[in-house]
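Single-structure report; data block below.
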Protein chains: 2
Amino acid sequence: MKVMCSVNPGHCTLIKFIFLLLIIIHLSLNTAESVWPLPQIFIPSPERYQLKPQSFSFGYRRYLDTKHSCSVLDAAFKRYFSILFPGYSYDEWVFENEVFTLTISLDRHDCEGYPNQDSSERYKLSVFAGQASLNAETVWGSLRGLETFSQLVYQDDLGSYYINKTEIEDYPQFNYRGILLDTSRHYLPVQAILKTLDAMAYSKFNVFHWHLVDDPSFPYQSHKFPDLSNKGAFHPVTHVYTQSDVRRVISYARMRGIRVLPEFDSPGHTKSWGKGQSELLTPCYRGATPSGTFGPVNPTLPSTYQFMLSLLKEVASVFPDPYIHLGGDEVDFSCWRSNPYIRAFMHKMGFGLDFSKLEAFYIEKIVNITSILRKTSIVWQDVFDYHERVRMHQQIYVWKQGCYLCEVRRVVKAGLRVILASPWYLDQPGPTHNWARYYNVWPLAFKGTEKQKSLVIGGEVCMWGEYVDATNLSPRLWPRASAAAERLWSNERQTSCVERAFPRLQEFRCKLLRRGIQAEPLYVGHCKHEYQTV
Amino acid sequence: MKVMCSVNPGHCTLIKFIFLLLIIIHLSLNTAESVWPLPQIFIPSPERYQLKPQSFSFGYRRYLDTKHSCSVLDAAFKRYFSILFPGYSYDEWVFENEVFTLTISLDRHDCEGYPNQDSSERYKLSVFAGQASLNAETVWGSLRGLETFSQLVYQDDLGSYYINKTEIEDYPQFNYRGILLDTSRHYLPVQAILKTLDAMAYSKFNVFHWHLVDDPSFPYQSHKFPDLSNKGAFHPVTHVYTQSDVRRVISYARMRGIRVLPEFDSPGHTKSWGKGQSELLTPCYRGATPSGTFGPVNPTLPSTYQFMLSLLKEVASVFPDPYIHLGGDEVDFSCWRSNPYIRAFMHKMGFGLDFSKLEAFYIEKIVNITSILRKTSIVWQDVFDYHERVRMHQQIYVWKQGCYLCEVRRVVKAGLRVILASPWYLDQPGPTHNWARYYNVWPLAFKGTEKQKSLVIGGEVCMWGEYVDATNLSPRLWPRASAAAERLWSNERQTSCVERAFPRLQEFRCKLLRRGIQAEPLYVGHCKHEYQTV
């Protein structure tokens, strides 16, 4: 299997090999299943306990007021009960004498809010003496612990459920672990988004970056500007996200500890906006007359900023996350250059012929609007690359191919935070089975201080929509995105060897199938429960 | 859209362009939808007739004895009624006064048999004066006509159904239009196979080449040799095809005019066979002692041929098709070479050190067995490449990459029939959206006589199973396999231009979605009915 060769054999040192070998021997001795992404500290044991759906329960530590005090966890208990014991639901159980309880305790009782960039996801899980306890600082950490717990439970050949004595201490290597879905180039039915959120939770992703709108279509149904989707969506009724759809996605994500980060990309990538909002886009000229086509947002008109304020105000109220992604990538200057009014404005502002200054002028205004709305803006790397005055609180997405770590280094040297996307463009055609390519990524492998490295806050899998819709989204994402998930969650030194990760990822992929996720195969083989075609 | 550039611009001549432009103007004027693969003669018209589920029926020309005389057609009427009018079923209708009837007539009343390589698929379809008639030589041709009819029906924006006045005369360019599924590297649940057969019928494929068994697993449950799957399948109960499963697949395929061609590949690719049939495979040696590993089938033992006779006898009785695919590809000689008994046999037979002679010896015996069973054998090109004495009635699959037309030419020069697979390895990783690569294939573009060209009987899309199972089979096959389907069905001169085929294929892909086939997108855009995630 040539594909399994590690790209970085140097990482597989003897000590780590022995360390992992011990774990593997442990695991294979006890048929305990493995966990993906790998926990930071994971001490399995051969001692095992039987679990039965009739005598298994989730419980709260006493100091939480009542049993039903945390709706996020109550819902999670139901979900995970059905995952642990397929065919059973949590409401049905009747206690027998001996009960195996997973008892949850939270350091902070923060069940009402939303996860955010600083939320702790740290948890401790202990399975010991026929009981289990899960402690976390936040409810979001406890969700990660529940996921881990669910992966520890396995069935023997006779169908009995077991869990082994285990001690786990776990926390993510990076706080930002995102997946971008593009709902403009193809419309993704809400159900496809929810299914992706399920699978994200299984791999411990915590940000759904929703690239809502772009050139081809504007499916976000704005209540202030209904014409944007009425005229800019592929279809004004069947191919839109209503306010209720958006609320549903946000709520569904929250229940799984996932933030929803909306992107309204401008001033480029806005063709579809122009259909429902006249005078927003720049009219392109052929010689002295308008050509009939339109370019980026027109940054010279006050009406543009009134509109953007109004739209972003709505976005800021609909999406609870403190961040808004403003895009700012791939602005084509040719249309601006063709337009005499734009050129006159450039002249007046003293920008000369440097259209990147015009773009900076626009971006700065939009960033200011976002600040006024008490949101923090995020942008693609283009904004960093071309503009001098970038605000210090911004986060930069590094997305371009080539030496992406050179770019990461430049951004953190400037004191800005980085989210790395370049190596994880999973929509790209290519050897689809080559998951190792997405695993062998080392976001911190650049020369820099510890402080600089701490500015790399995470990474993101991008699933652009040119060739992707609900028909192929799942098999294209999974399990390859899970490879990125382990890189972003787990300790780099413990997960540097592709060959050792392979069987664990294969097993995880079988778990995804069992949970109804259409995750494609890594290589020849089988799962106990294959995906069932409908 | 760079991907859309025709690889063979020379084919897009002006005359053809004008001819097709006329058709396109016709079509766009009348919102009549297009047909994929393109019929040989297709004369649309602006005149249109409304169809209503309450007053639409299929009928037989009177000379067929009774209404229920052809079970294949009766079943097809039900299927196509639900395709024409989603949500309605054929049993429900109640005649109104005005009835639109599609009347079928067959030249031969051959409803009881199976389609075979020589079955005519020719049909004439006429939609005229608010009625439609479909004439075909065989029931299999009438199924092709029904598919075409179903593609002619369209809905307006208000949801009313229409069909335009149309005259079609149609027949396939190539008699053999196959899809290979590999159920050994991954097990495909029966439902996934049936779904593929549905989609094959929509693209007018007519052969399901079932690569049933191979090295990794032996899922065919033999009643004579139950240990083959008991020990050689991934799982003896959940990952096998029972006799009843196989009958179901054959029957389902027949109802759609599709042959099922079984492949039992030997002497290589047989590792899984050895688990349930001791002494079948060659023990490999390290020096003077057996290494514990096994190589290809042992061609030196009489027991091998007794077993193969017995197995193939069963296969011949289970699969009604007159052809059996015997494989014969990629035989690794190193194990034979290592074995002193094999070497002694070689010496005795005067084969020297030429192990291809030993392979030829084996293949010839298996071909003889197949003949005795009154079946015709088919083999991969390896058998032609390496062996002198190839029987004249054999068909050769050209599968190797490189100059495949050179190989085609060699094979037809030797007077053998060819099925071309090389350009249609759709399982291969690569730019998955580049359907044009599978469209721009010209199977007859080699120097040869008309008679030689007539020996190229068709082509086959191969979906090998290393990286494919039920999770990604459909989006990987469709609609790219449909590009190959048009190449094999339609007139090359009318379908030489990728740019003109693109919108028609996009529309056909939307039809596939509407019919529940998970066909991936070709490029940015949308379908009226998107695929619904479960």
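Following the order of the structure tokens, chains are lettered A, B, ..., residues in each are numbered from 1, and ligands are numbered from 1.
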
| DSSP says alpha helix (DSSP H) for which residues of region 127-292 of chain A? Put them as number ranges by chain? | A: 139-152, 190-202, 226-232, 243-255, 271-276

| said: Could you go through region 68-203 of chain B and tell me which residues DSSP, when run on the backbone, assigns to strand (DSSP E), listing them as a PyMOL selection string? | reply: chain B and resi 100-106+123-128+131-136+154-155+161-170+176-182

Taking only C-alpha atoms into account, what are the residues of chain B at most 10 Å from chain A, put as a PDB file with N, CA, C and O atoms, in the first residue's frame?
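File produced: out.pdb:
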```
ATOM      1  N   SER B 184     -15.645  -7.713  -4.646  1.00  0.00           N
ATOM      2  CA  SER B 184     -14.676  -8.452  -3.830  1.00  0.00           C
ATOM      3  C   SER B 184     -13.835  -7.521  -2.957  1.00  0.00           C
ATOM      4  O   SER B 184     -13.616  -7.796  -1.786  1.00  0.00           O
ATOM      5  N   ARG B 185     -13.374  -6.411  -3.514  1.00  0.00           N
ATOM      6  CA  ARG B 185     -12.516  -5.496  -2.729  1.00  0.00           C
ATOM      7  C   ARG B 185     -13.327  -4.777  -1.675  1.00  0.00           C
ATOM      8  O   ARG B 185     -12.851  -4.472  -0.603  1.00  0.00           O
ATOM      9  N   HIS B 186     -14.569  -4.460  -2.027  1.00  0.00           N
ATOM     10  CA  HIS B 186     -15.566  -4.090  -1.027  1.00  0.00           C
ATOM     11  C   HIS B 186     -16.849  -4.831  -1.367  1.00  0.00           C
ATOM     12  O   HIS B 186     -17.168  -5.009  -2.548  1.00  0.00           O
ATOM     13  N   TYR B 187     -17.566  -5.211  -0.352  1.00  0.00           N
ATOM     14  CA  TYR B 187     -18.865  -5.838  -0.562  1.00  0.00           C
ATOM     15  C   TYR B 187     -19.887  -4.751  -0.859  1.00  0.00           C
ATOM     16  O   TYR B 187     -19.958  -3.749  -0.144  1.00  0.00           O
ATOM     17  N   LEU B 188     -20.653  -4.937  -1.914  1.00  0.00           N
ATOM     18  CA  LEU B 188     -21.737  -3.992  -2.220  1.00  0.00           C
ATOM     19  C   LEU B 188     -23.064  -4.636  -1.836  1.00  0.00           C
ATOM     20  O   LEU B 188     -23.421  -5.687  -2.392  1.00  0.00           O
ATOM     21  N   PRO B 189     -23.806  -4.035  -0.908  1.00  0.00           N
ATOM     22  CA  PRO B 189     -25.114  -4.601  -0.578  1.00  0.00           C
ATOM     23  C   PRO B 189     -25.977  -4.720  -1.846  1.00  0.00           C
ATOM     24  O   PRO B 189     -25.833  -3.917  -2.776  1.00  0.00           O
ATOM     25  N   VAL B 190     -26.839  -5.723  -1.871  1.00  0.00           N
ATOM     26  CA  VAL B 190     -27.657  -5.978  -3.064  1.00  0.00           C
ATOM     27  C   VAL B 190     -28.386  -4.704  -3.497  1.00  0.00           C
ATOM     28  O   VAL B 190     -28.484  -4.399  -4.693  1.00  0.00           O
ATOM     29  N   GLN B 191     -28.865  -3.947  -2.521  1.00  0.00           N
ATOM     30  CA  GLN B 191     -29.612  -2.741  -2.840  1.00  0.00           C
ATOM     31  C   GLN B 191     -28.770  -1.764  -3.673  1.00  0.00           C
ATOM     32  O   GLN B 191     -29.301  -1.094  -4.565  1.00  0.00           O
ATOM     33  N   ALA B 192     -27.478  -1.700  -3.395  1.00  0.00           N
ATOM     34  CA  ALA B 192     -26.595  -0.801  -4.156  1.00  0.00           C
ATOM     35  C   ALA B 192     -26.455  -1.288  -5.598  1.00  0.00           C
ATOM     36  O   ALA B 192     -26.341  -0.485  -6.536  1.00  0.00           O
ATOM     37  N   ILE B 193     -26.456  -2.606  -5.780  1.00  0.00           N
ATOM     38  CA  ILE B 193     -26.380  -3.160  -7.138  1.00  0.00           C
ATOM     39  C   ILE B 193     -27.671  -2.866  -7.901  1.00  0.00           C
ATOM     40  O   ILE B 193     -27.649  -2.449  -9.064  1.00  0.00           O
ATOM     41  N   LEU B 194     -28.798  -3.052  -7.221  1.00  0.00           N
ATOM     42  CA  LEU B 194     -30.082  -2.813  -7.894  1.00  0.00           C
ATOM     43  C   LEU B 194     -30.209  -1.337  -8.299  1.00  0.00           C
ATOM     44  O   LEU B 194     -30.672  -1.016  -9.392  1.00  0.00           O
ATOM     45  N   LYS B 195     -29.779  -0.463  -7.401  1.00  0.00           N
ATOM     46  CA  LYS B 195     -29.827   0.975  -7.703  1.00  0.00           C
ATOM     47  C   LYS B 195     -28.962   1.289  -8.932  1.00  0.00           C
ATOM     48  O   LYS B 195     -29.333   2.119  -9.773  1.00  0.00           O
ATOM     49  N   PRO B 216      -9.384 -10.262  -2.337  1.00  0.00           N
ATOM     50  CA  PRO B 216      -9.759  -9.922  -0.954  1.00  0.00           C
ATOM     51  C   PRO B 216     -10.927 -10.725  -0.399  1.00  0.00           C
ATOM     52  O   PRO B 216     -10.943 -11.033   0.793  1.00  0.00           O
ATOM     53  N   SER B 217     -11.915 -11.038  -1.216  1.00  0.00           N
ATOM     54  CA  SER B 217     -13.053 -11.771  -0.656  1.00  0.00           C
ATOM     55  C   SER B 217     -13.799 -12.543  -1.730  1.00  0.00           C
ATOM     56  O   SER B 217     -13.708 -12.231  -2.926  1.00  0.00           O
ATOM     57  N   PHE B 234     -15.806 -11.685   3.392  1.00  0.00           N
ATOM     58  CA  PHE B 234     -15.464 -10.838   4.550  1.00  0.00           C
ATOM     59  C   PHE B 234     -16.251 -11.301   5.775  1.00  0.00           C
ATOM     60  O   PHE B 234     -15.747 -11.274   6.888  1.00  0.00           O
ATOM     61  N   HIS B 235     -17.483 -11.719   5.550  1.00  0.00           N
ATOM     62  CA  HIS B 235     -18.290 -12.300   6.618  1.00  0.00           C
ATOM     63  C   HIS B 235     -19.209 -13.336   5.970  1.00  0.00           C
ATOM     64  O   HIS B 235     -19.810 -13.050   4.936  1.00  0.00           O
ATOM     65  N   THR B 238     -23.252 -11.861   6.506  1.00  0.00           N
ATOM     66  CA  THR B 238     -23.665 -10.500   6.128  1.00  0.00           C
ATOM     67  C   THR B 238     -22.995 -10.012   4.842  1.00  0.00           C
ATOM     68  O   THR B 238     -23.484  -9.074   4.217  1.00  0.00           O
ATOM     69  N   HIS B 239     -21.889 -10.613   4.449  1.00  0.00           N
ATOM     70  CA  HIS B 239     -21.137 -10.111   3.296  1.00  0.00           C
ATOM     71  C   HIS B 239     -21.072 -11.153   2.180  1.00  0.00           C
ATOM     72  O   HIS B 239     -20.012 -11.394   1.597  1.00  0.00           O
ATOM     73  N   GLN B 428     -10.685   5.275 -10.950  1.00  0.00           N
ATOM     74  CA  GLN B 428      -9.372   5.911 -10.796  1.00  0.00           C
ATOM     75  C   GLN B 428      -9.494   7.279 -10.143  1.00  0.00           C
ATOM     76  O   GLN B 428     -10.316   8.083 -10.562  1.00  0.00           O
ATOM     77  N   PRO B 429      -8.646   7.538  -9.155  1.00  0.00           N
ATOM     78  CA  PRO B 429      -8.639   8.894  -8.623  1.00  0.00           C
ATOM     79  C   PRO B 429      -8.216   9.850  -9.730  1.00  0.00           C
ATOM     80  O   PRO B 429      -7.510   9.464 -10.654  1.00  0.00           O
ATOM     81  N   GLY B 430      -8.638  11.056  -9.631  1.00  0.00           N
ATOM     82  CA  GLY B 430      -8.310  12.031 -10.661  1.00  0.00           C
ATOM     83  C   GLY B 430      -9.357  13.104 -10.649  1.00  0.00           C
ATOM     84  O   GLY B 430     -10.195  13.147  -9.766  1.00  0.00           O
ATOM     85  N   PRO B 431      -9.280  14.022 -11.603  1.00  0.00           N
ATOM     86  CA  PRO B 431     -10.251  15.123 -11.622  1.00  0.00           C
ATOM     87  C   PRO B 431     -11.645  14.542 -11.848  1.00  0.00           C
ATOM     88  O   PRO B 431     -12.034  14.246 -12.971  1.00  0.00           O
ATOM     89  N   THR B 432     -12.344  14.380 -10.760  1.00  0.00           N
ATOM     90  CA  THR B 432     -13.596  13.615 -10.823  1.00  0.00           C
ATOM     91  C   THR B 432     -14.644  14.283 -11.697  1.00  0.00           C
ATOM     92  O   THR B 432     -15.536  13.617 -12.184  1.00  0.00           O
ATOM     93  N   HIS B 433     -14.515  15.588 -11.875  1.00  0.00           N
ATOM     94  CA  HIS B 433     -15.557  16.267 -12.624  1.00  0.00           C
ATOM     95  C   HIS B 433     -15.282  16.250 -14.117  1.00  0.00           C
ATOM     96  O   HIS B 433     -16.086  16.726 -14.896  1.00  0.00           O
ATOM     97  N   ASN B 434     -14.127  15.745 -14.507  1.00  0.00           N
ATOM     98  CA  ASN B 434     -13.764  15.865 -15.903  1.00  0.00           C
ATOM     99  C   ASN B 434     -14.434  14.791 -16.754  1.00  0.00           C
ATOM    100  O   ASN B 434     -13.807  13.886 -17.271  1.00  0.00           O
ATOM    101  N   GLY B 465     -12.959  -1.827  -7.028  1.00  0.00           N
ATOM    102  CA  GLY B 465     -13.434  -1.584  -5.676  1.00  0.00           C
ATOM    103  C   GLY B 465     -12.414  -1.172  -4.621  1.00  0.00           C
ATOM    104  O   GLY B 465     -12.756  -1.092  -3.461  1.00  0.00           O
ATOM    105  N   GLU B 466     -11.161  -0.893  -5.013  1.00  0.00           N
ATOM    106  CA  GLU B 466     -10.181  -0.541  -3.974  1.00  0.00           C
ATOM    107  C   GLU B 466     -10.682   0.594  -3.081  1.00  0.00           C
ATOM    108  O   GLU B 466     -10.520   0.551  -1.865  1.00  0.00           O
ATOM    109  N   TYR B 467     -11.239   1.616  -3.709  1.00  0.00           N
ATOM    110  CA  TYR B 467     -11.632   2.814  -2.962  1.00  0.00           C
ATOM    111  C   TYR B 467     -13.126   3.110  -3.099  1.00  0.00           C
ATOM    112  O   TYR B 467     -13.564   4.238  -2.887  1.00  0.00           O
ATOM    113  N   VAL B 468     -13.871   2.099  -3.474  1.00  0.00           N
ATOM    114  CA  VAL B 468     -15.296   2.315  -3.772  1.00  0.00           C
ATOM    115  C   VAL B 468     -16.142   1.281  -3.049  1.00  0.00           C
ATOM    116  O   VAL B 468     -15.849   0.087  -3.096  1.00  0.00           O
ATOM    117  N   ASP B 469     -17.149   1.757  -2.361  1.00  0.00           N
ATOM    118  CA  ASP B 469     -18.190   0.865  -1.856  1.00  0.00           C
ATOM    119  C   ASP B 469     -19.523   1.597  -1.935  1.00  0.00           C
ATOM    120  O   ASP B 469     -19.632   2.591  -2.687  1.00  0.00           O
ATOM    121  N   ALA B 470     -20.518   1.134  -1.201  1.00  0.00           N
ATOM    122  CA  ALA B 470     -21.854   1.717  -1.346  1.00  0.00           C
ATOM    123  C   ALA B 470     -21.893   3.195  -0.962  1.00  0.00           C
ATOM    124  O   ALA B 470     -22.809   3.909  -1.356  1.00  0.00           O
ATOM    125  N   THR B 471     -20.896   3.672  -0.207  1.00  0.00           N
ATOM    126  CA  THR B 471     -20.920   5.075   0.215  1.00  0.00           C
ATOM    127  C   THR B 471     -20.644   6.036  -0.936  1.00  0.00           C
ATOM    128  O   THR B 471     -21.115   7.165  -0.923  1.00  0.00           O
ATOM    129  N   ASN B 472     -19.818   5.611  -1.889  1.00  0.00           N
ATOM    130  CA  ASN B 472     -19.421   6.558  -2.937  1.00  0.00           C
ATOM    131  C   ASN B 472     -19.618   6.023  -4.351  1.00  0.00           C
ATOM    132  O   ASN B 472     -19.257   6.694  -5.320  1.00  0.00           O
ATOM    133  N   LEU B 473     -20.216   4.841  -4.458  1.00  0.00           N
ATOM    134  CA  LEU B 473     -20.403   4.226  -5.780  1.00  0.00           C
ATOM    135  C   LEU B 473     -21.201   5.132  -6.716  1.00  0.00           C
ATOM    136  O   LEU B 473     -20.757   5.435  -7.827  1.00  0.00           O
ATOM    137  N   SER B 474     -22.347   5.588  -6.261  1.00  0.00           N
ATOM    138  CA  SER B 474     -23.228   6.343  -7.165  1.00  0.00           C
ATOM    139  C   SER B 474     -22.621   7.662  -7.638  1.00  0.00           C
ATOM    140  O   SER B 474     -22.564   7.909  -8.841  1.00  0.00           O
ATOM    141  N   PRO B 475     -22.145   8.533  -6.724  1.00  0.00           N
ATOM    142  CA  PRO B 475     -21.587   9.783  -7.236  1.00  0.00           C
ATOM    143  C   PRO B 475     -20.322   9.584  -8.071  1.00  0.00           C
ATOM    144  O   PRO B 475     -20.011  10.417  -8.912  1.00  0.00           O
ATOM    145  N   ARG B 476     -19.601   8.474  -7.836  1.00  0.00           N
ATOM    146  CA  ARG B 476     -18.409   8.261  -8.653  1.00  0.00           C
ATOM    147  C   ARG B 476     -18.792   7.765 -10.050  1.00  0.00           C
ATOM    148  O   ARG B 476     -18.095   8.037 -11.027  1.00  0.00           O
ATOM    149  N   LEU B 513     -31.167  12.800 -10.552  1.00  0.00           N
ATOM    150  CA  LEU B 513     -31.475  13.198  -9.166  1.00  0.00           C
ATOM    151  C   LEU B 513     -32.956  12.990  -8.885  1.00  0.00           C
ATOM    152  O   LEU B 513     -33.333  12.449  -7.845  1.00  0.00           O
ATOM    153  N   GLY B 516     -33.840   9.710  -7.965  1.00  0.00           N
ATOM    154  CA  GLY B 516     -33.220   9.159  -6.759  1.00  0.00           C
ATOM    155  C   GLY B 516     -31.813   8.638  -6.939  1.00  0.00           C
ATOM    156  O   GLY B 516     -31.277   7.952  -6.070  1.00  0.00           O
ATOM    157  N   ILE B 517     -31.193   8.936  -8.085  1.00  0.00           N
ATOM    158  CA  ILE B 517     -29.799   8.511  -8.299  1.00  0.00           C
ATOM    159  C   ILE B 517     -28.873   9.626  -7.816  1.00  0.00           C
ATOM    160  O   ILE B 517     -28.997  10.775  -8.227  1.00  0.00           O
ATOM    161  N   GLN B 518     -27.931   9.245  -6.967  1.00  0.00           N
ATOM    162  CA  GLN B 518     -27.023  10.207  -6.350  1.00  0.00           C
ATOM    163  C   GLN B 518     -25.921  10.601  -7.341  1.00  0.00           C
ATOM    164  O   GLN B 518     -24.753  10.277  -7.130  1.00  0.00           O
ATOM    165  N   ALA B 519     -26.306  11.291  -8.393  1.00  0.00           N
ATOM    166  CA  ALA B 519     -25.354  11.672  -9.451  1.00  0.00           C
ATOM    167  C   ALA B 519     -24.723  13.014  -9.105  1.00  0.00           C
ATOM    168  O   ALA B 519     -25.422  13.984  -8.843  1.00  0.00           O
ATOM    169  N   GLU B 520     -23.394  13.075  -9.125  1.00  0.00           N
ATOM    170  CA  GLU B 520     -22.724  14.288  -8.654  1.00  0.00           C
ATOM    171  C   GLU B 520     -22.815  15.404  -9.690  1.00  0.00           C
ATOM    172  O   GLU B 520     -23.074  15.176 -10.857  1.00  0.00           O
ATOM    173  N   PRO B 521     -22.598  16.642  -9.236  1.00  0.00           N
ATOM    174  CA  PRO B 521     -22.740  17.772 -10.155  1.00  0.00           C
ATOM    175  C   PRO B 521     -21.576  17.869 -11.130  1.00  0.00           C
ATOM    176  O   PRO B 521     -20.456  17.467 -10.831  1.00  0.00           O
ATOM    177  N   LEU B 522     -21.848  18.434 -12.305  1.00  0.00           N
ATOM    178  CA  LEU B 522     -20.821  18.634 -13.320  1.00  0.00           C
ATOM    179  C   LEU B 522     -20.112  19.967 -13.119  1.00  0.00           C
ATOM    180  O   LEU B 522     -18.938  20.106 -13.442  1.00  0.00           O
ATOM    181  N   TYR B 523     -20.859  20.939 -12.646  1.00  0.00           N
ATOM    182  CA  TYR B 523     -20.285  22.252 -12.389  1.00  0.00           C
ATOM    183  C   TYR B 523     -21.303  23.053 -11.604  1.00  0.00           C
ATOM    184  O   TYR B 523     -22.396  22.575 -11.317  1.00  0.00           O
ATOM    185  N   VAL B 524     -20.934  24.269 -11.229  1.00  0.00           N
ATOM    186  CA  VAL B 524     -21.810  25.202 -10.513  1.00  0.00           C
ATOM    187  C   VAL B 524     -23.216  25.219 -11.124  1.00  0.00           C
ATOM    188  O   VAL B 524     -23.350  25.245 -12.343  1.00  0.00           O
ATOM    189  N   GLY B 525     -24.231  25.236 -10.278  1.00  0.00           N
ATOM    190  CA  GLY B 525     -25.590  25.300 -10.789  1.00  0.00           C
ATOM    191  C   GLY B 525     -26.569  24.636  -9.853  1.00  0.00           C
ATOM    192  O   GLY B 525     -26.250  24.382  -8.694  1.00  0.00           O
ATOM    193  N   HIS B 526     -27.737  24.357 -10.375  1.00  0.00           N
ATOM    194  CA  HIS B 526     -28.732  23.725  -9.523  1.00  0.00           C
ATOM    195  C   HIS B 526     -29.694  22.900 -10.361  1.00  0.00           C
ATOM    196  O   HIS B 526     -29.757  23.037 -11.585  1.00  0.00           O
ATOM    197  N   CYS B 527     -30.413  22.030  -9.678  1.00  0.00           N
ATOM    198  CA  CYS B 527     -31.503  21.284 -10.292  1.00  0.00           C
ATOM    199  C   CYS B 527     -32.784  21.681  -9.574  1.00  0.00           C
ATOM    200  O   CYS B 527     -32.752  22.020  -8.386  1.00  0.00           O
ATOM    201  N   LYS B 528     -33.876  21.597 -10.292  1.00  0.00           N
ATOM    202  CA  LYS B 528     -35.173  21.924  -9.684  1.00  0.00           C
ATOM    203  C   LYS B 528     -35.379  21.074  -8.438  1.00  0.00           C
ATOM    204  O   LYS B 528     -35.785  21.569  -7.392  1.00  0.00           O
ATOM    205  N   HIS B 529     -35.095  19.816  -8.559  1.00  0.00           N
ATOM    206  CA  HIS B 529     -35.205  18.919  -7.410  1.00  0.00           C
ATOM    207  C   HIS B 529     -33.813  18.440  -7.029  1.00  0.00           C
ATOM    208  O   HIS B 529     -33.237  17.616  -7.730  1.00  0.00           O
ATOM    209  N   GLU B 530     -33.297  18.962  -5.917  1.00  0.00           N
ATOM    210  CA  GLU B 530     -31.958  18.556  -5.491  1.00  0.00           C
ATOM    211  C   GLU B 530     -32.026  17.184  -4.806  1.00  0.00           C
ATOM    212  O   GLU B 530     -33.092  16.735  -4.397  1.00  0.00           O
ATOM    213  N   TYR B 531     -30.883  16.573  -4.693  1.00  0.00           N
ATOM    214  CA  TYR B 531     -30.822  15.292  -3.988  1.00  0.00           C
ATOM    215  C   TYR B 531     -31.116  15.508  -2.514  1.00  0.00           C
ATOM    216  O   TYR B 531     -30.571  16.420  -1.885  1.00  0.00           O
ATOM    217  N   GLN B 532     -31.974  14.701  -1.966  1.00  0.00           N
ATOM    218  CA  GLN B 532     -32.340  14.852  -0.565  1.00  0.00           C
ATOM    219  C   GLN B 532     -31.537  13.892   0.309  1.00  0.00           C
ATOM    220  O   GLN B 532     -31.600  12.682   0.136  1.00  0.00           O
ATOM    221  N   THR B 533     -30.770  14.470   1.227  1.00  0.00           N
ATOM    222  CA  THR B 533     -30.002  13.680   2.185  1.00  0.00           C
ATOM    223  C   THR B 533     -30.974  12.986   3.141  1.00  0.00           C
ATOM    224  O   THR B 533     -31.946  13.585   3.576  1.00  0.00           O
ATOM    225  N   VAL B 534     -30.657  11.732   3.440  1.00  0.00           N
ATOM    226  CA  VAL B 534     -31.530  11.008   4.371  1.00  0.00           C
ATOM    227  C   VAL B 534     -31.058  11.248   5.803  1.00  0.00           C
ATOM    228  O   VAL B 534     -29.872  11.320   6.066  1.00  0.00           O
TER     229      VAL B 534
END
```

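Those residues that approach Ser229 (chain A) to within 9 Å, counting only C-alpha atoms, are Ser217, Phe218, Pro219, Tyr220, Gln221, Ser222, Phe225, Ala233, Phe234, His235, Pro236, Val237, His239, Val240, Tyr241, Ser272, Trp273, Lys275 and Gly276 of chain A; same-chain residues fewer than 4 positions away are not listed.
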
| said: as an NGL selection string, please: the residues near region 128-144 of chain A (cut-off 8 Å, only C-alpha atoms, same-chain neighbours under 2 positions excluded). | reply: :A and (49 or 72-73 or 76 or 100-111 or 115 or 119-126 or 146-148 or 165-166 or 201 or 204 or 256-257)

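A straight line drawn from CA of Lys365 (chain B) to CA of Gly459 (chain B) is 27.1 Å long.
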
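The spacing separating CA of Lys231 (chain B) from CA of Ser278 (chain B) amounts to 11.1 Å.
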
Residues near region 442-445 of chain B, cut-off 8 Å, only C-alpha atoms, skip fewer than 4 positions along chain, as a compact mmCIF listing (two decimals) with N, CA, C and O atoms, in the first residue's frame:
```txt
# COMPACT_ATOMS: atom_id res chain seq x y z
N LEU B 405 -5.84 1.92 -28.43
CA LEU B 405 -6.34 1.65 -29.79
C LEU B 405 -5.35 0.80 -30.59
O LEU B 405 -5.75 0.07 -31.50
N LEU B 420 -13.93 -2.46 -25.25
CA LEU B 420 -12.93 -1.48 -24.84
C LEU B 420 -13.25 -0.96 -23.44
O LEU B 420 -14.34 -0.42 -23.20
N LYS B 453 -13.45 -3.14 -37.93
CA LYS B 453 -14.10 -2.22 -37.00
C LYS B 453 -15.38 -2.81 -36.42
O LYS B 453 -15.74 -2.53 -35.27
N VAL B 456 -15.23 -4.45 -33.05
CA VAL B 456 -15.28 -3.69 -31.79
C VAL B 456 -16.75 -3.64 -31.39
O VAL B 456 -17.53 -2.86 -31.93
N ARG B 487 -21.35 7.87 -25.75
CA ARG B 487 -20.34 7.48 -26.74
C ARG B 487 -20.67 6.11 -27.35
O ARG B 487 -20.44 5.87 -28.52
N GLU B 492 -21.41 8.97 -33.47
CA GLU B 492 -20.19 9.68 -33.11
C GLU B 492 -20.17 11.09 -33.71
O GLU B 492 -19.76 12.06 -33.06
```
